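J.: Submitted below is the structure of interest, expressed as structure tokens.
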There are 2 protein chains.
Amino acid sequence: MFRPEIKVYDCTIRDGGLMNSSKFSLATVRAVYKACCEAGIDVVELGYKNSPKMFSPEQYGAWRFCEDVELFKVVDGIDNVKGTRIAVMQDAHKAFADDVAPKSDSPVDIIRVATYVKDVDKAINLANSASKKGYETTINIMAVSTAIERELDEALAQIAKETDISACYIVDSFGALYSEDIDYFVKKYSDILGDINKVGIHCHNQQQLGYANTIEAIIRGVNHLDGALYGFGRAAGNAPTELLIGFLKNPKYNIRPLLDVIGKEIISLHEEMNWGYSIPYMVCGFLNRHPDAAMKMMKVPKENPESRDYAGFYDKMAEEDF
Amino acid sequence: MFRPEIKVYDCTIRDGGLMNSSKFSLATVRAVYKACCEAGIDVVELGYKNSPKMFSPEQYGAWRFCEDVELFKVVDGIDNVKGTRIAVMQDAHKAFADDVAPKSDSPVDIIRVATYVKDVDKAINLANSASKKGYETTINIMAVSTAIERELDEALAQIAKETDISACYIVDSFGALYSEDIDYFVKKYSDILGDINKVGIHCHNQQQLGYANTIEAIIRGVNHLDGALYGFGRAAGNAPTELLIGFLKNPKYNIRPLLDVIGKEIISLHEEMNWGYSIPYMVCGFLNRHPDAAMKMMKVPKENPESRDYAGFYDKMAEEDF
């Protein structure tokens, strides 16, 4: 028996865009969108809607800004037979409410606002503004593993009181959480938001727990699930969408188009960008640290013995002031 | 608080040997053994003790046979300060009791017997013979996800009655089990063996659940845990030992020597052999199939478009008679 409330959000283009400055060809984005439509994915996230005042359009691709005119090119002519909806993400500290057009002028259905706990007022402002323009909204609380709990509780209470979001996400940006932590945060979110149906989960794979922790959240009643094709995302990446679809029982889902587009589009990107499990990411994950230092280490050329000095990297990360 | 009963078994050389016909240099095996000793790993498994009558010594390396004379070369001069013990594995259908010398003549401490349910009588015979010679023994029931449950129950009851093994393992050879399946098998094993302390867990990573399922088993009380460095093992590999040591709290464990030997020895092997998550393995995992067909597909050269025809591979696997 499947749980009809469950919704899968594919974040391939959005989270993967953190590995290539969102420089995807239109053909790749269309192929991913088409595969998600055919597979019955509930929501496909096509990038960030961040401000060109904060990101240079010379340095970043179209999917960092997600202008509606670009998004219309993505959906043009693709048969969205199962009603896949489109999301874009705004970073609370890198986006403006004015960049969002009224819903009637846009192919976007959902505005997801990513925020650190400290920026929750900005996030609420963006979400409420988008909501007034006709969009469904979510708030995604990043790096929840390093949040001060009193502040997190206050932010959740404020979100519950001041917004009409459809979901608030547990985002394990550092891939630091274990299954018992997932249980703990799901209960906290559900209690404070007052509704388990408003809890979402977005996991990273630094400790190879992205998919497992998403299943754990499902078992605990969470219905908003993020994934990415072949786990494409920052550092060790996300819970793989294809694994989620392999696990879920809703007959509307079809894994085949996802496997197909992974072979045709994603694998070659993986060969270039090499997200996924590696020792530097693992070290950051189990130390509950941002993967930035690990991403730098992963760029050291193979010929340089430092690229494999994992014990040295661990020493450095373990000793550094946080 | 850590659970002192927990024992970590590192299977790098044994399970990794399934990817290279056990052709490791003595230097590599010594480096892995030394790192495990320094890290406080409880047991290091140095290979298979299978019969040269069934495996050609021309085709397979020394660690498929684990002659005592070779094992003495491994340990020679290495300071085993934390009391790491040595295991070797016998396959119930590919090994003979006579190949095992009395314990007093061997550096081996533990004989682990791998078996399918149908070969349990052979396994019991090997285990009891080794036990009489002075070894600790375990029985590892492979491919438990495809066992007929009535037969599995009978095998477990027979093992409980007829042997004095220290542990009987749930072996998820196909990487097909989810956390709720782990709970189910742990309870079954514990009930029939009559002692949770006799239950062991060995997971594969076809669905990126190897480590997560091992944690799940820990939560359910399992104390015998298999891992391999960087997950080195057949197909998608095993639960990574370094992640297990990162998770466990026993102060005797030290992750640093493991990270060091991964950088110095294991990463270069990974570049050659490329175990770990991939779509063909994932397909076999979620269809509960042996990874053989996937391993064949992984050997198709990249230039051949068939190497990325994941949808076609899925169709073939899903349609085939089992």
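Numbering starts fresh at 1 for the residues of each chain in the structure tokens, the chains themselves are lettered A, B, ... in the order given, and ligands are numbered from 1 as they appear.
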Please check the contacts: residues of chain B at most 9 Å away from chain A, using only C-alpha atoms, listed as a compact mmCIF listing (two decimals) with N, CA and C atoms, in the first residue's frame.
T.:
```txt
# COMPACT_ATOMS: atom_id res chain seq x y z
N TYR B 178 15.94 -3.38 2.96
CA TYR B 178 15.68 -2.06 3.53
C TYR B 178 15.73 -2.17 5.06
N SER B 179 15.73 -1.02 5.73
CA SER B 179 15.91 -1.03 7.19
C SER B 179 14.87 -1.91 7.89
N GLN B 207 22.16 -0.41 -3.15
CA GLN B 207 21.18 0.68 -3.03
C GLN B 207 21.66 1.76 -2.05
N GLN B 208 22.96 1.86 -1.87
CA GLN B 208 23.52 2.87 -0.94
C GLN B 208 22.98 2.68 0.48
N LEU B 209 22.72 1.45 0.85
CA LEU B 209 22.18 1.21 2.20
C LEU B 209 23.11 0.36 3.06
N GLY B 210 24.32 0.06 2.56
CA GLY B 210 25.20 -0.84 3.30
C GLY B 210 25.51 -0.34 4.71
N TYR B 211 25.93 0.90 4.79
CA TYR B 211 26.29 1.48 6.09
C TYR B 211 25.04 1.73 6.92
N ALA B 212 24.01 2.30 6.29
CA ALA B 212 22.78 2.61 7.03
C ALA B 212 22.15 1.34 7.62
N ASN B 213 22.15 0.27 6.84
CA ASN B 213 21.57 -0.97 7.37
C ASN B 213 22.41 -1.57 8.49
N ILE B 215 24.06 0.32 10.68
CA ILE B 215 23.65 1.13 11.84
C ILE B 215 22.30 0.63 12.37
N GLU B 216 21.38 0.34 11.45
CA GLU B 216 20.07 -0.16 11.86
C GLU B 216 20.23 -1.44 12.69
N TYR B 230 36.85 1.86 2.52
CA TYR B 230 36.29 2.55 1.34
C TYR B 230 35.22 1.68 0.68
N GLU B 242 35.57 2.78 7.59
CA GLU B 242 35.89 4.11 8.14
C GLU B 242 34.62 4.81 8.63
N LEU B 243 33.49 4.58 7.95
CA LEU B 243 32.24 5.20 8.42
C LEU B 243 31.79 4.55 9.73
N GLY B 246 33.84 5.93 12.39
CA GLY B 246 33.41 7.31 12.65
C GLY B 246 32.16 7.37 13.52
N PHE B 247 31.32 6.35 13.39
CA PHE B 247 30.04 6.32 14.11
C PHE B 247 30.18 5.77 15.53
N ILE B 255 40.29 6.36 13.87
CA ILE B 255 39.99 6.38 12.43
C ILE B 255 41.21 6.74 11.58
N ARG B 256 42.17 7.43 12.19
CA ARG B 256 43.26 8.01 11.43
C ARG B 256 44.06 7.00 10.59
N PRO B 257 44.51 5.88 11.17
CA PRO B 257 45.26 4.91 10.35
C PRO B 257 44.44 4.36 9.19
N LEU B 258 43.12 4.30 9.35
CA LEU B 258 42.27 3.80 8.26
C LEU B 258 42.25 4.81 7.10
N LEU B 259 42.09 6.10 7.45
CA LEU B 259 42.10 7.13 6.40
C LEU B 259 43.45 7.13 5.68
N ASP B 260 44.49 6.93 6.47
CA ASP B 260 45.84 6.94 5.90
C ASP B 260 46.04 5.80 4.89
N VAL B 261 45.63 4.60 5.27
CA VAL B 261 45.86 3.46 4.37
C VAL B 261 44.92 3.51 3.16
N ILE B 262 43.76 4.13 3.32
CA ILE B 262 42.87 4.30 2.15
C ILE B 262 43.58 5.17 1.12
N GLY B 263 44.16 6.29 1.57
CA GLY B 263 44.88 7.17 0.65
C GLY B 263 46.08 6.50 0.02
N LYS B 264 46.79 5.68 0.80
CA LYS B 264 48.05 5.10 0.31
C LYS B 264 47.86 3.83 -0.50
N ILE B 267 42.75 3.74 -2.64
CA ILE B 267 42.23 4.62 -3.70
C ILE B 267 42.76 4.20 -5.07
N SER B 278 26.51 2.25 -8.74
CA SER B 278 26.31 2.57 -10.15
C SER B 278 24.92 2.07 -10.51
N ILE B 279 24.40 2.54 -11.63
CA ILE B 279 23.01 2.19 -11.98
C ILE B 279 22.82 0.68 -12.20
N MET B 282 22.52 -0.85 -8.86
CA MET B 282 21.29 -0.39 -8.22
C MET B 282 20.09 -1.19 -8.74
N VAL B 283 20.06 -1.40 -10.07
CA VAL B 283 18.95 -2.16 -10.67
C VAL B 283 18.91 -3.57 -10.07
N PHE B 286 17.63 -3.37 -6.33
CA PHE B 286 16.20 -3.18 -6.02
C PHE B 286 15.34 -4.28 -6.63
N LEU B 287 15.90 -5.01 -7.62
CA LEU B 287 15.18 -6.20 -8.13
C LEU B 287 15.56 -7.47 -7.36
N SER B 307 27.05 0.65 -22.85
CA SER B 307 27.54 0.79 -21.47
C SER B 307 26.65 1.73 -20.66
N ARG B 308 25.88 2.56 -21.36
CA ARG B 308 25.01 3.53 -20.66
C ARG B 308 23.53 3.30 -20.93
N ASP B 309 23.22 2.18 -21.53
CA ASP B 309 21.81 1.90 -21.82
C ASP B 309 21.16 1.29 -20.58
N TYR B 310 21.00 2.13 -19.58
CA TYR B 310 20.51 1.65 -18.29
C TYR B 310 19.05 1.21 -18.37
N ALA B 311 18.26 1.92 -19.19
CA ALA B 311 16.85 1.54 -19.33
C ALA B 311 16.77 0.15 -19.97
N GLY B 312 17.62 -0.08 -20.98
CA GLY B 312 17.64 -1.40 -21.63
C GLY B 312 18.06 -2.49 -20.66
N TYR B 314 17.69 -2.43 -17.43
CA TYR B 314 16.56 -2.62 -16.51
C TYR B 314 15.49 -3.50 -17.15
N ASP B 315 15.15 -3.20 -18.41
CA ASP B 315 14.14 -4.01 -19.11
C ASP B 315 14.55 -5.49 -19.11
```
J.: If you count only C-alpha atoms, which residues fall within 12 Å of Cys168 in chain B, apart from same-chain ones fewer than 6 positions away, as number ranges by chain?
T.: B: 112-115, 120, 123-124, 127, 137-142, 144, 152, 155-160, 185-186, 188-190, 192-202, 222-225
J.: Would you export the selected residues with C-alpha atoms as a compact mmCIF listing (two decimals), in the first residue's frame, please?
T.:
```
# COMPACT_ATOMS: atom_id res chain seq x y z
CA ARG B 112 34.16 -17.86 9.09
CA VAL B 113 32.11 -20.21 6.94
CA ALA B 114 30.05 -18.64 4.15
CA THR B 115 27.08 -20.66 2.98
CA VAL B 120 24.10 -25.43 5.72
CA ALA B 123 28.84 -25.27 6.67
CA ILE B 124 28.11 -26.87 10.02
CA ALA B 127 32.58 -24.91 11.44
CA THR B 137 33.93 -19.94 14.22
CA THR B 138 31.07 -18.10 12.53
CA ILE B 139 28.55 -19.05 9.86
CA ASN B 140 27.61 -16.38 7.31
CA ILE B 141 24.37 -17.06 5.45
CA MET B 142 24.70 -15.48 2.03
CA VAL B 144 19.48 -14.07 2.74
CA LEU B 152 16.18 -20.37 6.59
CA ALA B 155 18.96 -23.79 9.00
CA LEU B 156 19.12 -21.31 11.90
CA ALA B 157 17.59 -23.85 14.27
CA GLN B 158 20.11 -26.45 13.14
CA ILE B 159 23.02 -24.02 13.59
CA ALA B 160 21.76 -23.17 17.10
CA PHE B 185 15.88 -10.61 10.08
CA VAL B 186 17.62 -9.47 13.27
CA LYS B 188 14.29 -13.81 13.44
CA TYR B 189 17.98 -14.67 13.95
CA SER B 190 17.91 -13.55 17.56
CA ILE B 192 15.92 -18.77 16.69
CA LEU B 193 19.57 -18.59 17.78
CA GLY B 194 18.33 -17.66 21.24
CA ASP B 195 20.92 -14.92 21.74
CA ILE B 196 21.20 -11.47 20.13
CA ASN B 197 24.95 -11.63 20.85
CA LYS B 198 25.22 -14.36 18.23
CA VAL B 199 23.81 -12.23 15.39
CA GLY B 200 26.12 -10.64 12.82
CA ILE B 201 25.50 -8.29 9.89
CA HIS B 202 27.21 -8.02 6.50
CA VAL B 222 23.65 -6.61 16.71
CA ASN B 223 27.27 -6.67 17.85
CA HIS B 224 29.18 -8.38 15.01
CA LEU B 225 29.65 -5.81 12.23
```
J.: For range 20-31 of chain B, please output as a CSV table (one decimal) with N, CA, C and O atoms, in the first residue's frame all residues within 6 Å (counting only C-alpha atoms; exclusion window: fewer than 4 positions along the same chain).
T.:
```csv
chain,number,residue,atom,x,y,z
B,60,TYR,N,44.3,-17.3,-9.4
B,60,TYR,CA,44.0,-16.6,-8.1
B,60,TYR,C,45.2,-16.3,-7.3
B,60,TYR,O,46.2,-17.1,-7.3
B,61,GLY,N,45.1,-15.2,-6.6
B,61,GLY,CA,46.2,-14.8,-5.7
B,61,GLY,C,46.2,-15.6,-4.4
B,61,GLY,O,45.3,-16.4,-4.1
B,63,TRP,N,45.6,-14.9,-1.5
B,63,TRP,CA,44.6,-14.6,-0.5
B,63,TRP,C,43.3,-15.3,-0.8
B,63,TRP,O,42.3,-15.1,-0.1
B,64,ARG,N,43.3,-16.1,-1.8
B,64,ARG,CA,42.1,-17.0,-2.1
B,64,ARG,C,42.3,-18.3,-1.3
B,64,ARG,O,41.4,-19.1,-1.1
B,74,VAL,N,52.4,-11.9,6.7
B,74,VAL,CA,51.6,-10.7,6.9
B,74,VAL,C,51.8,-10.0,8.2
B,74,VAL,O,52.1,-8.8,8.4
```
J.: As a PyMOL selection string, please: the residues near Phe174 in chain A (cut-off 8 Å, only C-alpha atoms, same-chain neighbours under 4 positions excluded).
T.: chain A and resi 143+145+204+206+284-285+288-291
J.: Please provide as a PyMOL selection string all residues within 10 Å of Asp10 in chain A, with the sequence filter that same-chain residues fewer than 5 positions apart are discarded (counting only C-alpha atoms).
T.: chain A and resi 15+32-33+36+41-46+86-87+225-229+231+239-242
J.: Kindly save the residues from that selection, with N, CA and C atoms included, as a CSV table (one decimal), in the first residue's frame.
T.:
```csv
chain,number,residue,atom,x,y,z
A,15,ASP,N,20.3,21.6,-7.3
A,15,ASP,CA,21.4,21.2,-6.4
A,15,ASP,C,22.7,20.9,-7.2
A,32,VAL,N,16.0,16.4,-18.6
A,32,VAL,CA,15.7,16.1,-17.2
A,32,VAL,C,14.2,16.3,-16.9
A,33,TYR,N,13.7,17.5,-17.4
A,33,TYR,CA,12.3,17.8,-17.1
A,33,TYR,C,11.4,16.7,-17.8
A,36,CYS,N,11.4,13.5,-15.9
A,36,CYS,CA,10.6,13.6,-14.6
A,36,CYS,C,9.1,13.6,-14.9
A,41,ILE,N,7.3,12.1,-11.5
A,41,ILE,CA,7.9,12.9,-10.4
A,41,ILE,C,6.9,14.0,-10.1
A,42,ASP,N,6.7,14.3,-8.8
A,42,ASP,CA,5.6,15.3,-8.4
A,42,ASP,C,6.1,16.7,-8.7
A,43,VAL,N,7.3,17.0,-8.4
A,43,VAL,CA,7.9,18.4,-8.6
A,43,VAL,C,9.3,18.3,-9.1
A,44,VAL,N,9.6,19.1,-10.1
A,44,VAL,CA,10.9,19.2,-10.6
A,44,VAL,C,11.4,20.6,-10.3
A,45,GLU,N,12.6,20.7,-9.7
A,45,GLU,CA,13.2,22.0,-9.3
A,45,GLU,C,14.2,22.4,-10.4
A,46,LEU,N,14.0,23.5,-11.1
A,46,LEU,CA,14.8,23.8,-12.3
A,46,LEU,C,15.9,24.8,-12.0
A,86,ILE,N,6.5,22.6,-11.3
A,86,ILE,CA,7.8,23.2,-11.4
A,86,ILE,C,8.1,24.0,-10.1
A,87,ALA,N,9.3,23.8,-9.5
A,87,ALA,CA,9.7,24.6,-8.4
A,87,ALA,C,11.0,25.4,-8.8
A,225,LEU,N,9.7,14.8,-0.1
A,225,LEU,CA,11.0,14.1,-0.2
A,225,LEU,C,11.8,14.7,-1.4
A,226,ASP,N,13.0,15.1,-1.1
A,226,ASP,CA,13.9,15.6,-2.1
A,226,ASP,C,14.9,14.6,-2.6
A,227,GLY,N,15.2,14.5,-3.9
A,227,GLY,CA,16.2,13.7,-4.4
A,227,GLY,C,16.8,14.3,-5.6
A,228,ALA,N,17.8,13.7,-6.2
A,228,ALA,CA,18.5,14.2,-7.4
A,228,ALA,C,18.9,13.0,-8.2
A,229,LEU,N,18.9,13.1,-9.5
A,229,LEU,CA,19.2,11.9,-10.4
A,229,LEU,C,20.7,11.6,-10.1
A,231,GLY,N,22.0,11.2,-7.6
A,231,GLY,CA,22.5,11.9,-6.4
A,231,GLY,C,23.2,13.2,-6.7
A,239,ALA,N,20.2,12.3,-1.9
A,239,ALA,CA,19.6,11.0,-2.1
A,239,ALA,C,19.2,10.9,-3.6
A,240,PRO,N,19.6,9.7,-4.2
A,240,PRO,CA,19.3,9.5,-5.6
A,240,PRO,C,17.8,9.4,-5.8
A,241,THR,N,17.2,10.2,-6.7
A,241,THR,CA,15.8,10.1,-7.1
A,241,THR,C,15.5,8.7,-7.6
A,242,GLU,N,16.3,8.1,-8.3
A,242,GLU,CA,16.0,6.7,-8.9
A,242,GLU,C,15.9,5.7,-7.8
```
J.: Near Ala95 in chain A, counting only C-alpha atoms, which residues have an atom at most 6 Å away, once you skip same-chain residues fewer than 5 positions from it, shown as an NGL selection string?
T.: :A and (50-51 or 90)
J.: For the residues in the current selection, export C-alpha atoms as a short mmCIF file (atom, residue, chain, number, x, y, z; two decimals), in the first residue's frame.
T.:
```cif
data_model
loop_
_atom_site.label_atom_id
_atom_site.label_comp_id
_atom_site.auth_asym_id
_atom_site.auth_seq_id
_atom_site.Cartn_x
_atom_site.Cartn_y
_atom_site.Cartn_z
CA ASN A 50 18.52 34.33 -7.17
CA SER A 51 19.32 37.92 -7.90
CA GLN A 90 15.31 31.45 -3.67
#
```
J.: As a count of residues only, which residues of range 56-267 of chain A does DSSP assign to strand (DSSP E or B)?
T.: 38
J.: Which polymer residues have any atom within 7 Å of an atom of Arg234 in chain B, counting only C-alpha atoms, with same-chain residues fewer than 3 positions away left out, as a PyMOL selection string?
T.: chain B and resi 15-16+18-19+237+275
